Every structure is written in C-alpha cells, then in structure tokens.
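Since the structure comes first, as structure tokens, the remarks are kept for the end.
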Amino acid sequence: MAFESLSDKLTGAFKRLKNKGKLTEADVKEAMREVRLALLEADVNFKVAKDFTNKVTERAIGADVMESLTPAQMVIKIVNEELTALMGEENARVEFNSKPPTVIMLCGLQGAGKTTHAAKLGKYFKAQDHRPMLAACDIYRPAAIEQLKIVGEKAGVPVFEMGTENPVKIAKEAVRHARDYGNDIVILDTAGRLHIDEQLMQELRDIKAEVNPDEILLTIDSMTGQDAVNVAKTFNEALDITGVILTKLDGDTRGGAALSVRAVTGRPIKFSGTGEKLEDLEAFHPDRMASRILGMGDVLTLIEEAEQKLDQEKAEELARKMLKNKMDFNDMLDQLDQVRNMGPIKGILSKLPGVGNKVDEMDINERVLDWNRAIILSMTPAEREHPGLLNPSRKRRIAAGSGRPVEEVNRLIKQLEQTQKMMRQLTSQGKKGKQLRRMLNNSGGGMPGMPGGGFPGM
C-alpha cells in the first residue's frame, strides 16, 4: 500500500520516543534525524525533508512539549500537523465558473493516466448531479480517442471528438458544444509526451489561451517518485497549473511525490487515484493523508466511501432483519456484494486506526469473498432462506457445486449461526438491547455490509 515503508519507519521512530518517557532535546533531534532519513528514502525532495524536520524540531523542543506529561504524544501531534501543512492544510476544491461550462484542462506526461482520470472525474462530477462532457484533444497517441470513448461510455459521460483536427480548435468547439447542449463541465483530455518538450508545452499554452480554462490539473503518476516533482515544477512554470491529480496511490509507491508537490510548486493536490476502477477517485484531504501516514487510519474517508458505494435501502432492510433475528444467507450474499463494491479488503482495513501500517502483515486472502459467494450461490433459494435445511447430503452437493471443501461450507453456516446468536443475546439484554436497537435504527445497520464490525464470510 502507499506510504507503507514511510509509515513503518515513522512508527518505529515514535515508538522509541514513547519508550523514553521524559524527552531531552537530544532525543528529539535523534528522532528527527530518523524522520528525515525516512522522508528521503520515500523520495521526498531533499529541501522539503530538511525544512520539515527543522520546523518539527523547533516546535518539539519548546518548553510546553518537554515539560508535558506525554511529550512523545505531543511530538507526534506536531508531526501530524506539519505533515498536514506540508500537503496543503485543507482540501482544495475545484473552482466552478459562475457562468457554465466550467472548463477543466488535464495535462501531464504520457502514461500518467490522463485519459482514465478524465473519465474518473466525469463520473465523480456526474454523481454530484453535474452534467460533465469529455473532449478528446489528444490526436497523436494511437487509439487515444477510442480509449476516451470507451471509458466515457463506462462512466456514462458523453465524449466530444473531431478526429485529428487541430487540438486548439477541438477544445474551442467542445466548449461551444457544451454551452449549446447544457453540459456544465468540460474536461479536456490533452496530449501527453514521453518527456517534456517545447512542442507539447506550446500546444497546451495555445489551448489555455483559446479557452481560458477554470482549472488546469496536472496528472502525475505517484510511482515516478522524485521525477514527478520535477515534472510538476516544469508544467507549473509553463502553464500556471491550479492543482494536481496524483494517480496510483493504491500501488507500492513511496509517497515522496505527495509530500513534495505542493511544497515545490505551491499548487495543491486536488484528487488522488486509488485504484483501477472509474469510481476509485478521492478528493484529496491533507489531514486524512497525514493520519494514514502516521498509522492513525482514515475513518472519515471510509465512511464517505460506504455512503457512496453501498446501498442504503439494503442496509436499512438488513438492520430490520437483524433486530428481528431473521438474517439468512440472502442477506449474507448482499453483504458480500456490498463489501466487494468498496474495493480490496486491505484498502478498507488500511483506513482503520491502528491497522493501517499493519495490513500487509495480515494473512488476508481477497478471494475468500468470492469463494463464499460461490458457496451461497450453490444453494437453492429455500436453503438460503432456511439454513436449517442444510443436512450433510445438501452440504456435499453445495461443496461440489461451488468447488470448495465441505469444511468451508460448514464454516460459513457456523458464521451465520454465530451472528444470529449474537443478535439474540444483544437485543434481549434489557437496556443494552434498547440501545442497540436505537443505534441500528439510526445508522441503518451500522456500516452497510459489515454488521458487528467484521467482514462476512471471513
């Protein structure tokens, strides 16, 4: 996961501070030396890493920290605050034009993910009741226009294209088309190059001069590390970008780009790509990212993802069934599907406090959800609704049909029985039962798909 190595090293440095109890100035400086080395290994710009640790050291050796009852916790708090400030302090939003359409111009090197993220942005804004349109301004890369059409169709967003016409003209006509047909956002997918060259920059300057975009977002592959910062600096000098989209934050990236881009360019990270699916795009929150890096989790983002990706009606129906203790395998199947919609399990767990930097140490098989789904789908409708029908011969048939051993069938049945037993006990415990019923009614069943805080079938 992103920042894993950096997170581990920072956690180790802070653990040594906690073991010291009362801190001296030398303890803080030694810890900051480890922090600086961790930042440099994560590909953070050298000057950025030096300035960061100097700021933390200056604040951490103050009397209010040294003389506090929990000095190590105070140092961690300062690091968290400075990390947040380094990445932008607060999430930067897209500036919408008061007279639509709002024009968003994407730029960047080839392979950074511009075309895919154009569609991701389209889907993101469509979910917010906007009427976005994509414009194919990359006439050089083979099949670029066709790729934009494909991802645009998947996102449910229209694509404007004029073949291999001049990109400046395409951009101008796209804005005019959007104005005529009621699209309030135009996303320009411009051409990239394998490296920065003057021809690329001049074309982008011409497009900017012609359509005067409200946002110029630079798409950066976070896997490129320090080079990403150099790219951002060059594009910013040429175009005066308004923000950055950082892609592939779900991969094995060291995180240096995320921590350096704003400090070097003065421009905020506005979005981050967190997966291959079109819905895997998040508004970038510096405070939440700082918490993730320090292993504190990111519960707010997890809740927002649950609200966006999970079916609230099904969650409320599940809550009612749980209260009446009528949960069956149909409900478990719904849970499995909803959990899968939220993405990889490791990605979900990484946002939980105290779990984030330990996810890769856990023995989690992502295929378990699919195997358990296959077991349930191998049951008849009657068996799903009435688990008591599952005698040994039926279990053997289900195991054969799903391609899984009978032991796994028995384990899944036991998990359902344990959930039912737990709900019987909780809802019958007088005052506690009333509190639980109130909680389920108010929350629609807690986090949909994960009653009791666990993952169904795991």
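Naming works like this for the structure tokens: A, B, ... for the chains as they're shown, residue 1 at the start of each chain, ligands 1 onward in shown order.
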- Which residues come within 12 Å of Leu40 (chain A), counting only C-alpha atoms, excluding same-chain residues fewer than 5 positions away, as a VMD selection string? chain A and resid 5 to 6 9 33 to 35 45 to 50 52 to 53 225 to 226 254 to 257 259 to 260
- Task: For Asn54 (chain A), work out the shell of residues within 12 Å, counting only C-alpha atoms and skipping chain neighbours fewer than 6 positions away, then give it as a ChimeraX atom specification.
- Result: /A:28-29,31-33,35-36,47-48,60-61,78-79,82
Write the residues you've just listed into a file as a JSON list (two decimals), in the first residue's frame, and include all heavy atoms for each of them.
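After the write, again32.json holds the following:
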```json
[["chain", "number", "residue", "atom", "x", "y", "z"],
["A", 28, "VAL", "N", 14.82, 14.24, 20.82],
["A", 28, "VAL", "CA", 14.01, 14.78, 19.73],
["A", 28, "VAL", "C", 14.84, 14.88, 18.45],
["A", 28, "VAL", "O", 14.39, 14.50, 17.37],
["A", 28, "VAL", "CB", 13.44, 16.16, 20.10],
["A", 28, "VAL", "CG1", 12.76, 16.80, 18.90],
["A", 28, "VAL", "CG2", 12.45, 16.03, 21.25],
["A", 29, "LYS", "N", 16.06, 15.39, 18.57],
["A", 29, "LYS", "CA", 16.90, 15.55, 17.39],
["A", 29, "LYS", "C", 17.26, 14.20, 16.76],
["A", 29, "LYS", "O", 17.33, 14.08, 15.54],
["A", 29, "LYS", "CB", 18.17, 16.33, 17.75],
["A", 29, "LYS", "CG", 17.89, 17.81, 18.02],
["A", 29, "LYS", "CD", 19.16, 18.59, 18.28],
["A", 29, "LYS", "CE", 18.84, 20.08, 18.42],
["A", 29, "LYS", "NZ", 20.05, 20.90, 18.70],
["A", 31, "ALA", "N", 15.36, 11.51, 16.91],
["A", 31, "ALA", "CA", 14.13, 11.05, 16.25],
["A", 31, "ALA", "C", 13.92, 11.78, 14.92],
["A", 31, "ALA", "O", 13.53, 11.17, 13.92],
["A", 31, "ALA", "CB", 12.92, 11.26, 17.17],
["A", 32, "MET", "N", 14.20, 13.08, 14.90],
["A", 32, "MET", "CA", 14.01, 13.86, 13.67],
["A", 32, "MET", "C", 15.03, 13.46, 12.60],
["A", 32, "MET", "O", 14.75, 13.56, 11.40],
["A", 32, "MET", "CB", 14.13, 15.35, 13.97],
["A", 32, "MET", "CG", 12.93, 15.92, 14.72],
["A", 32, "MET", "SD", 11.33, 15.52, 13.92],
["A", 32, "MET", "CE", 10.72, 14.24, 15.03],
["A", 33, "ARG", "N", 16.20, 13.03, 13.04],
["A", 33, "ARG", "CA", 17.18, 12.52, 12.06],
["A", 33, "ARG", "C", 16.62, 11.26, 11.38],
["A", 33, "ARG", "O", 16.74, 11.11, 10.16],
["A", 33, "ARG", "CB", 18.51, 12.19, 12.76],
["A", 33, "ARG", "CG", 19.66, 11.89, 11.79],
["A", 33, "ARG", "CD", 20.91, 11.48, 12.55],
["A", 33, "ARG", "NE", 20.76, 10.14, 13.10],
["A", 33, "ARG", "CZ", 21.00, 9.02, 12.38],
["A", 33, "ARG", "NH1", 21.35, 9.09, 11.12],
["A", 33, "ARG", "NH2", 20.84, 7.84, 12.95],
["A", 35, "VAL", "N", 13.43, 10.56, 11.08],
["A", 35, "VAL", "CA", 12.31, 11.01, 10.26],
["A", 35, "VAL", "C", 12.82, 11.55, 8.93],
["A", 35, "VAL", "O", 12.27, 11.25, 7.86],
["A", 35, "VAL", "CB", 11.48, 12.08, 11.00],
["A", 35, "VAL", "CG1", 10.48, 12.74, 10.05],
["A", 35, "VAL", "CG2", 10.76, 11.46, 12.19],
["A", 36, "ARG", "N", 13.89, 12.35, 8.98],
["A", 36, "ARG", "CA", 14.45, 12.93, 7.74],
["A", 36, "ARG", "C", 14.94, 11.82, 6.81],
["A", 36, "ARG", "O", 14.69, 11.86, 5.59],
["A", 36, "ARG", "CB", 15.57, 13.90, 8.05],
["A", 36, "ARG", "CG", 16.13, 14.58, 6.81],
["A", 36, "ARG", "CD", 16.97, 15.81, 7.13],
["A", 36, "ARG", "NE", 18.13, 15.49, 7.95],
["A", 36, "ARG", "CZ", 18.28, 15.84, 9.22],
["A", 36, "ARG", "NH1", 17.32, 16.53, 9.82],
["A", 36, "ARG", "NH2", 19.36, 15.52, 9.89],
["A", 47, "LYS", "N", 15.24, 19.34, 0.05],
["A", 47, "LYS", "CA", 14.98, 20.61, 0.73],
["A", 47, "LYS", "C", 13.68, 20.54, 1.54],
["A", 47, "LYS", "O", 13.60, 21.06, 2.66],
["A", 47, "LYS", "CB", 14.91, 21.75, -0.28],
["A", 47, "LYS", "CG", 14.76, 23.13, 0.35],
["A", 47, "LYS", "CD", 14.78, 24.22, -0.70],
["A", 47, "LYS", "CE", 14.74, 25.61, -0.05],
["A", 47, "LYS", "NZ", 13.61, 25.82, 0.84],
["A", 48, "VAL", "N", 12.67, 19.88, 0.96],
["A", 48, "VAL", "CA", 11.38, 19.73, 1.65],
["A", 48, "VAL", "C", 11.56, 18.93, 2.94],
["A", 48, "VAL", "O", 11.04, 19.30, 4.00],
["A", 48, "VAL", "CB", 10.35, 19.06, 0.73],
["A", 48, "VAL", "CG1", 9.07, 18.74, 1.50],
["A", 48, "VAL", "CG2", 10.03, 19.94, -0.46],
["A", 60, "ALA", "N", 9.14, 21.10, 18.68],
["A", 60, "ALA", "CA", 9.14, 19.98, 19.64],
["A", 60, "ALA", "C", 10.05, 20.22, 20.83],
["A", 60, "ALA", "O", 9.84, 19.62, 21.89],
["A", 60, "ALA", "CB", 9.56, 18.69, 18.93],
["A", 61, "ILE", "N", 11.06, 21.08, 20.69],
["A", 61, "ILE", "CA", 11.97, 21.29, 21.83],
["A", 61, "ILE", "C", 11.53, 22.48, 22.68],
["A", 61, "ILE", "O", 12.28, 22.93, 23.55],
["A", 61, "ILE", "CB", 13.43, 21.48, 21.36],
["A", 61, "ILE", "CG1", 13.56, 22.70, 20.44],
["A", 61, "ILE", "CG2", 13.96, 20.22, 20.70],
["A", 61, "ILE", "CD1", 14.99, 22.98, 20.01],
["A", 78, "ILE", "N", 2.64, 17.20, 16.67],
["A", 78, "ILE", "CA", 3.31, 18.24, 15.88],
["A", 78, "ILE", "C", 3.64, 17.71, 14.48],
["A", 78, "ILE", "O", 3.44, 18.40, 13.48],
["A", 78, "ILE", "CB", 4.58, 18.72, 16.60],
["A", 78, "ILE", "CG1", 4.20, 19.50, 17.86],
["A", 78, "ILE", "CG2", 5.43, 19.59, 15.68],
["A", 78, "ILE", "CD1", 5.38, 19.81, 18.77],
["A", 79, "VAL", "N", 4.15, 16.48, 14.43],
["A", 79, "VAL", "CA", 4.48, 15.87, 13.13],
["A", 79, "VAL", "C", 3.22, 15.76, 12.27],
["A", 79, "VAL", "O", 3.24, 16.06, 11.07],
["A", 79, "VAL", "CB", 5.12, 14.48, 13.31],
["A", 79, "VAL", "CG1", 5.25, 13.76, 11.97],
["A", 79, "VAL", "CG2", 6.49, 14.61, 13.96],
["A", 82, "GLU", "N", 2.35, 19.23, 10.97],
["A", 82, "GLU", "CA", 3.30, 19.70, 9.95],
["A", 82, "GLU", "C", 3.15, 18.91, 8.65],
["A", 82, "GLU", "O", 3.33, 19.47, 7.56],
["A", 82, "GLU", "CB", 4.73, 19.63, 10.47],
["A", 82, "GLU", "CG", 5.05, 20.62, 11.58],
["A", 82, "GLU", "CD", 4.94, 22.07, 11.10],
["A", 82, "GLU", "OE1", 5.11, 22.33, 9.90],
["A", 82, "GLU", "OE2", 4.68, 22.95, 11.95]]
```
- Message: Let's see if you can do this: from backbone DSSP, list all alpha helix (DSSP H) residues in region 107-304 of chain A, as a ChimeraX atom specification.
- Response: /A:114-126,144-155,167-181,198-211,226-239,256-265,286-293,299-304
- Quick one: everything within 12 Å of Lys208 (chain A), counting only C-alpha atoms, minus sequence neighbours fewer than 6 positions away in the same chain. Send it as JSON, numbers by chain. {"A": [103, 104, 105, 106, 107, 167, 168, 169, 171, 172, 188, 190, 201, 202, 214, 215, 216, 217, 238, 239, 240, 241]}
Written selection (N, CA, C and O atoms) as a PDB file, in the first residue's frame:
```pdb
ATOM      1  N   VAL A 103     -14.508  24.797 -17.358  1.00  0.00           N
ATOM      2  CA  VAL A 103     -13.558  24.069 -18.214  1.00  0.00           C
ATOM      3  C   VAL A 103     -12.388  23.575 -17.378  1.00  0.00           C
ATOM      4  O   VAL A 103     -11.706  24.368 -16.718  1.00  0.00           O
ATOM      5  N   ILE A 104     -12.183  22.266 -17.388  1.00  0.00           N
ATOM      6  CA  ILE A 104     -11.072  21.640 -16.668  1.00  0.00           C
ATOM      7  C   ILE A 104     -10.120  21.040 -17.695  1.00  0.00           C
ATOM      8  O   ILE A 104     -10.503  20.143 -18.448  1.00  0.00           O
ATOM      9  N   MET A 105      -8.917  21.526 -17.725  1.00  0.00           N
ATOM     10  CA  MET A 105      -7.916  21.055 -18.678  1.00  0.00           C
ATOM     11  C   MET A 105      -6.947  20.112 -17.971  1.00  0.00           C
ATOM     12  O   MET A 105      -6.328  20.480 -16.969  1.00  0.00           O
ATOM     13  N   LEU A 106      -6.855  18.877 -18.453  1.00  0.00           N
ATOM     14  CA  LEU A 106      -5.911  17.913 -17.888  1.00  0.00           C
ATOM     15  C   LEU A 106      -4.637  17.911 -18.710  1.00  0.00           C
ATOM     16  O   LEU A 106      -4.679  17.915 -19.938  1.00  0.00           O
ATOM     17  N   CYS A 107      -3.502  17.884 -18.037  1.00  0.00           N
ATOM     18  CA  CYS A 107      -2.226  17.817 -18.736  1.00  0.00           C
ATOM     19  C   CYS A 107      -1.305  16.870 -17.987  1.00  0.00           C
ATOM     20  O   CYS A 107      -1.589  16.451 -16.866  1.00  0.00           O
ATOM     21  N   PRO A 167      -5.942  20.358 -32.096  1.00  0.00           N
ATOM     22  CA  PRO A 167      -6.415  20.268 -30.707  1.00  0.00           C
ATOM     23  C   PRO A 167      -6.961  21.584 -30.163  1.00  0.00           C
ATOM     24  O   PRO A 167      -7.893  21.574 -29.349  1.00  0.00           O
ATOM     25  N   VAL A 168      -6.394  22.710 -30.585  1.00  0.00           N
ATOM     26  CA  VAL A 168      -6.875  24.004 -30.110  1.00  0.00           C
ATOM     27  C   VAL A 168      -8.311  24.231 -30.589  1.00  0.00           C
ATOM     28  O   VAL A 168      -9.183  24.674 -29.835  1.00  0.00           O
ATOM     29  N   LYS A 169      -8.556  23.879 -31.850  1.00  0.00           N
ATOM     30  CA  LYS A 169      -9.904  24.023 -32.413  1.00  0.00           C
ATOM     31  C   LYS A 169     -10.880  23.070 -31.731  1.00  0.00           C
ATOM     32  O   LYS A 169     -12.034  23.437 -31.451  1.00  0.00           O
ATOM     33  N   ALA A 171     -10.746  21.943 -28.673  1.00  0.00           N
ATOM     34  CA  ALA A 171     -11.057  22.469 -27.341  1.00  0.00           C
ATOM     35  C   ALA A 171     -12.076  23.604 -27.437  1.00  0.00           C
ATOM     36  O   ALA A 171     -13.043  23.658 -26.667  1.00  0.00           O
ATOM     37  N   LYS A 172     -11.880  24.498 -28.395  1.00  0.00           N
ATOM     38  CA  LYS A 172     -12.791  25.634 -28.568  1.00  0.00           C
ATOM     39  C   LYS A 172     -14.194  25.162 -28.925  1.00  0.00           C
ATOM     40  O   LYS A 172     -15.189  25.624 -28.350  1.00  0.00           O
ATOM     41  N   LEU A 188     -11.051  18.519 -20.664  1.00  0.00           N
ATOM     42  CA  LEU A 188     -10.206  18.402 -21.856  1.00  0.00           C
ATOM     43  C   LEU A 188      -9.107  17.380 -21.612  1.00  0.00           C
ATOM     44  O   LEU A 188      -8.252  17.565 -20.732  1.00  0.00           O
ATOM     45  N   THR A 190      -5.946  16.309 -22.900  1.00  0.00           N
ATOM     46  CA  THR A 190      -4.925  16.776 -23.829  1.00  0.00           C
ATOM     47  C   THR A 190      -3.851  15.720 -24.055  1.00  0.00           C
ATOM     48  O   THR A 190      -3.778  14.721 -23.340  1.00  0.00           O
ATOM     49  N   MET A 201       4.420  21.793 -24.730  1.00  0.00           N
ATOM     50  CA  MET A 201       4.092  22.955 -23.904  1.00  0.00           C
ATOM     51  C   MET A 201       3.415  24.060 -24.714  1.00  0.00           C
ATOM     52  O   MET A 201       2.474  24.696 -24.244  1.00  0.00           O
ATOM     53  N   GLN A 202       3.885  24.276 -25.948  1.00  0.00           N
ATOM     54  CA  GLN A 202       3.303  25.344 -26.753  1.00  0.00           C
ATOM     55  C   GLN A 202       1.855  25.022 -27.111  1.00  0.00           C
ATOM     56  O   GLN A 202       0.993  25.912 -27.087  1.00  0.00           O
ATOM     57  N   ASP A 214     -10.892  27.065 -16.363  1.00  0.00           N
ATOM     58  CA  ASP A 214     -11.048  27.436 -14.956  1.00  0.00           C
ATOM     59  C   ASP A 214     -10.078  26.662 -14.074  1.00  0.00           C
ATOM     60  O   ASP A 214      -9.668  27.146 -13.018  1.00  0.00           O
ATOM     61  N   GLU A 215      -9.765  25.446 -14.493  1.00  0.00           N
ATOM     62  CA  GLU A 215      -8.820  24.604 -13.756  1.00  0.00           C
ATOM     63  C   GLU A 215      -7.837  23.975 -14.745  1.00  0.00           C
ATOM     64  O   GLU A 215      -8.240  23.505 -15.805  1.00  0.00           O
ATOM     65  N   ILE A 216      -6.561  23.984 -14.393  1.00  0.00           N
ATOM     66  CA  ILE A 216      -5.548  23.231 -15.141  1.00  0.00           C
ATOM     67  C   ILE A 216      -4.967  22.234 -14.162  1.00  0.00           C
ATOM     68  O   ILE A 216      -4.216  22.592 -13.240  1.00  0.00           O
ATOM     69  N   LEU A 217      -5.369  20.981 -14.315  1.00  0.00           N
ATOM     70  CA  LEU A 217      -4.957  19.934 -13.376  1.00  0.00           C
ATOM     71  C   LEU A 217      -3.877  19.062 -13.999  1.00  0.00           C
ATOM     72  O   LEU A 217      -4.067  18.492 -15.082  1.00  0.00           O
ATOM     73  N   ALA A 238       5.253  26.603 -16.945  1.00  0.00           N
ATOM     74  CA  ALA A 238       4.768  26.863 -18.301  1.00  0.00           C
ATOM     75  C   ALA A 238       3.299  27.250 -18.345  1.00  0.00           C
ATOM     76  O   ALA A 238       2.876  28.068 -19.160  1.00  0.00           O
ATOM     77  N   LEU A 239       2.473  26.644 -17.446  1.00  0.00           N
ATOM     78  CA  LEU A 239       1.021  26.800 -17.566  1.00  0.00           C
ATOM     79  C   LEU A 239       0.347  27.440 -16.360  1.00  0.00           C
ATOM     80  O   LEU A 239      -0.837  27.765 -16.426  1.00  0.00           O
ATOM     81  N   ASP A 240       1.093  27.580 -15.266  1.00  0.00           N
ATOM     82  CA  ASP A 240       0.491  28.076 -14.023  1.00  0.00           C
ATOM     83  C   ASP A 240      -0.697  27.191 -13.634  1.00  0.00           C
ATOM     84  O   ASP A 240      -1.846  27.626 -13.572  1.00  0.00           O
ATOM     85  N   ILE A 241      -0.394  25.909 -13.377  1.00  0.00           N
ATOM     86  CA  ILE A 241      -1.439  24.935 -13.057  1.00  0.00           C
ATOM     87  C   ILE A 241      -2.186  25.348 -11.788  1.00  0.00           C
ATOM     88  O   ILE A 241      -1.661  26.109 -10.970  1.00  0.00           O
TER      89      ILE A 241
END
```
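The interatomic distance for the pair CA of Lys123 (chain A) and CA of Leu278 (chain A) works out to 7.1 Å.
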- Message: Would you pick out the contacts of Glu153 (chain A) at 12 Å or less, using only C-alpha atoms, so that residues sharing its chain but fewer than 2 positions from it are not included, and give the list as a list of chain:residue names?
- Response: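 Everything that qualifies: A:Thr116, A:Ala119, A:Lys120, A:Gly122, A:Lys123, A:Met133, A:Leu134, A:Glu146, A:Gln147, A:Leu148, A:Lys149, A:Ile150, A:Val151, A:Ala155, A:Gly156, A:Val157, A:Pro158, A:Val159, A:Phe160, A:Leu278.
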Please save N, CA, C and O atoms of the selected residues as a PDB file, in the first residue's frame.
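Heads up, here's the output in out.pdb:
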```pdb
ATOM      1  N   THR A 116      -7.835   8.006 -18.452  1.00  0.00           N
ATOM      2  CA  THR A 116      -8.632   7.285 -17.456  1.00  0.00           C
ATOM      3  C   THR A 116      -9.165   8.247 -16.393  1.00  0.00           C
ATOM      4  O   THR A 116     -10.331   8.164 -15.991  1.00  0.00           O
ATOM      5  N   ALA A 119     -12.175  10.331 -17.377  1.00  0.00           N
ATOM      6  CA  ALA A 119     -13.436   9.614 -17.169  1.00  0.00           C
ATOM      7  C   ALA A 119     -13.773   9.512 -15.686  1.00  0.00           C
ATOM      8  O   ALA A 119     -14.941   9.615 -15.288  1.00  0.00           O
ATOM      9  N   LYS A 120     -12.760   9.301 -14.846  1.00  0.00           N
ATOM     10  CA  LYS A 120     -13.000   9.244 -13.401  1.00  0.00           C
ATOM     11  C   LYS A 120     -13.586  10.567 -12.896  1.00  0.00           C
ATOM     12  O   LYS A 120     -14.524  10.581 -12.096  1.00  0.00           O
ATOM     13  N   GLY A 122     -15.226  12.706 -14.727  1.00  0.00           N
ATOM     14  CA  GLY A 122     -16.578  12.799 -15.265  1.00  0.00           C
ATOM     15  C   GLY A 122     -17.573  12.049 -14.401  1.00  0.00           C
ATOM     16  O   GLY A 122     -18.653  12.556 -14.075  1.00  0.00           O
ATOM     17  N   LYS A 123     -17.211  10.834 -14.012  1.00  0.00           N
ATOM     18  CA  LYS A 123     -18.090  10.016 -13.163  1.00  0.00           C
ATOM     19  C   LYS A 123     -18.258  10.663 -11.794  1.00  0.00           C
ATOM     20  O   LYS A 123     -19.355  10.686 -11.221  1.00  0.00           O
ATOM     21  N   MET A 133     -18.893  16.670 -19.656  1.00  0.00           N
ATOM     22  CA  MET A 133     -18.610  16.179 -21.007  1.00  0.00           C
ATOM     23  C   MET A 133     -17.095  16.070 -21.162  1.00  0.00           C
ATOM     24  O   MET A 133     -16.351  16.931 -20.689  1.00  0.00           O
ATOM     25  N   LEU A 134     -16.631  15.010 -21.808  1.00  0.00           N
ATOM     26  CA  LEU A 134     -15.207  14.825 -22.072  1.00  0.00           C
ATOM     27  C   LEU A 134     -14.894  15.286 -23.483  1.00  0.00           C
ATOM     28  O   LEU A 134     -15.712  15.099 -24.395  1.00  0.00           O
ATOM     29  N   GLU A 146     -10.344   6.643 -29.165  1.00  0.00           N
ATOM     30  CA  GLU A 146     -11.179   5.449 -28.942  1.00  0.00           C
ATOM     31  C   GLU A 146     -11.186   5.066 -27.470  1.00  0.00           C
ATOM     32  O   GLU A 146     -12.221   4.682 -26.924  1.00  0.00           O
ATOM     33  N   GLN A 147     -10.024   5.180 -26.823  1.00  0.00           N
ATOM     34  CA  GLN A 147      -9.953   4.861 -25.395  1.00  0.00           C
ATOM     35  C   GLN A 147     -10.846   5.795 -24.588  1.00  0.00           C
ATOM     36  O   GLN A 147     -11.551   5.365 -23.673  1.00  0.00           O
ATOM     37  N   LEU A 148     -10.826   7.091 -24.944  1.00  0.00           N
ATOM     38  CA  LEU A 148     -11.655   8.055 -24.218  1.00  0.00           C
ATOM     39  C   LEU A 148     -13.138   7.741 -24.414  1.00  0.00           C
ATOM     40  O   LEU A 148     -13.931   7.861 -23.470  1.00  0.00           O
ATOM     41  N   LYS A 149     -13.504   7.315 -25.627  1.00  0.00           N
ATOM     42  CA  LYS A 149     -14.904   6.944 -25.876  1.00  0.00           C
ATOM     43  C   LYS A 149     -15.323   5.760 -25.008  1.00  0.00           C
ATOM     44  O   LYS A 149     -16.421   5.735 -24.446  1.00  0.00           O
ATOM     45  N   ILE A 150     -14.425   4.781 -24.900  1.00  0.00           N
ATOM     46  CA  ILE A 150     -14.743   3.565 -24.135  1.00  0.00           C
ATOM     47  C   ILE A 150     -14.929   3.887 -22.656  1.00  0.00           C
ATOM     48  O   ILE A 150     -15.923   3.510 -22.029  1.00  0.00           O
ATOM     49  N   VAL A 151     -13.947   4.628 -22.072  1.00  0.00           N
ATOM     50  CA  VAL A 151     -14.054   4.928 -20.638  1.00  0.00           C
ATOM     51  C   VAL A 151     -15.174   5.934 -20.379  1.00  0.00           C
ATOM     52  O   VAL A 151     -15.816   5.907 -19.325  1.00  0.00           O
ATOM     53  N   ALA A 155     -18.340   5.409 -17.879  1.00  0.00           N
ATOM     54  CA  ALA A 155     -18.650   6.393 -16.838  1.00  0.00           C
ATOM     55  C   ALA A 155     -20.019   7.026 -17.041  1.00  0.00           C
ATOM     56  O   ALA A 155     -20.520   7.719 -16.155  1.00  0.00           O
ATOM     57  N   GLY A 156     -20.630   6.781 -18.217  1.00  0.00           N
ATOM     58  CA  GLY A 156     -21.924   7.382 -18.516  1.00  0.00           C
ATOM     59  C   GLY A 156     -21.816   8.863 -18.828  1.00  0.00           C
ATOM     60  O   GLY A 156     -22.743   9.642 -18.566  1.00  0.00           O
ATOM     61  N   VAL A 157     -20.664   9.259 -19.413  1.00  0.00           N
ATOM     62  CA  VAL A 157     -20.404  10.667 -19.712  1.00  0.00           C
ATOM     63  C   VAL A 157     -20.158  10.821 -21.215  1.00  0.00           C
ATOM     64  O   VAL A 157     -19.366  10.065 -21.791  1.00  0.00           O
ATOM     65  N   PRO A 158     -20.819  11.784 -21.884  1.00  0.00           N
ATOM     66  CA  PRO A 158     -20.633  11.955 -23.327  1.00  0.00           C
ATOM     67  C   PRO A 158     -19.220  12.429 -23.679  1.00  0.00           C
ATOM     68  O   PRO A 158     -18.567  13.108 -22.884  1.00  0.00           O
ATOM     69  N   VAL A 159     -18.786  12.045 -24.887  1.00  0.00           N
ATOM     70  CA  VAL A 159     -17.446  12.412 -25.366  1.00  0.00           C
ATOM     71  C   VAL A 159     -17.566  13.231 -26.646  1.00  0.00           C
ATOM     72  O   VAL A 159     -18.243  12.823 -27.596  1.00  0.00           O
ATOM     73  N   PHE A 160     -16.912  14.383 -26.672  1.00  0.00           N
ATOM     74  CA  PHE A 160     -16.880  15.226 -27.861  1.00  0.00           C
ATOM     75  C   PHE A 160     -15.561  14.987 -28.585  1.00  0.00           C
ATOM     76  O   PHE A 160     -14.493  15.028 -27.967  1.00  0.00           O
ATOM     77  N   LEU A 278     -13.283   3.105 -12.291  1.00  0.00           N
ATOM     78  CA  LEU A 278     -13.603   4.501 -12.543  1.00  0.00           C
ATOM     79  C   LEU A 278     -14.091   5.228 -11.293  1.00  0.00           C
ATOM     80  O   LEU A 278     -14.011   6.449 -11.213  1.00  0.00           O
TER      81      LEU A 278
END
```
- Contacts of region 369-376 of chain A within 12 Å, only C-alpha atoms, excl. fewer than 6 positions in-chain, as a ChimeraX atom specification: /A:328-341,343-345,382-385,387,390,394-413,415-416,455-458
- Task: Please run DSSP on the backbone and report, as a PyMOL selection string, all residues within region 73-145 of chain A that come out as strand (DSSP E).
- Result: chain A and resi 102-107+132-137
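For the residues A:Leu249, A:Leu377, A:Met74, A:Ala118, ranking by smallest atom-to-atom distance to Asp221 (chain A) using only C-alpha atoms places A:Leu249 first.
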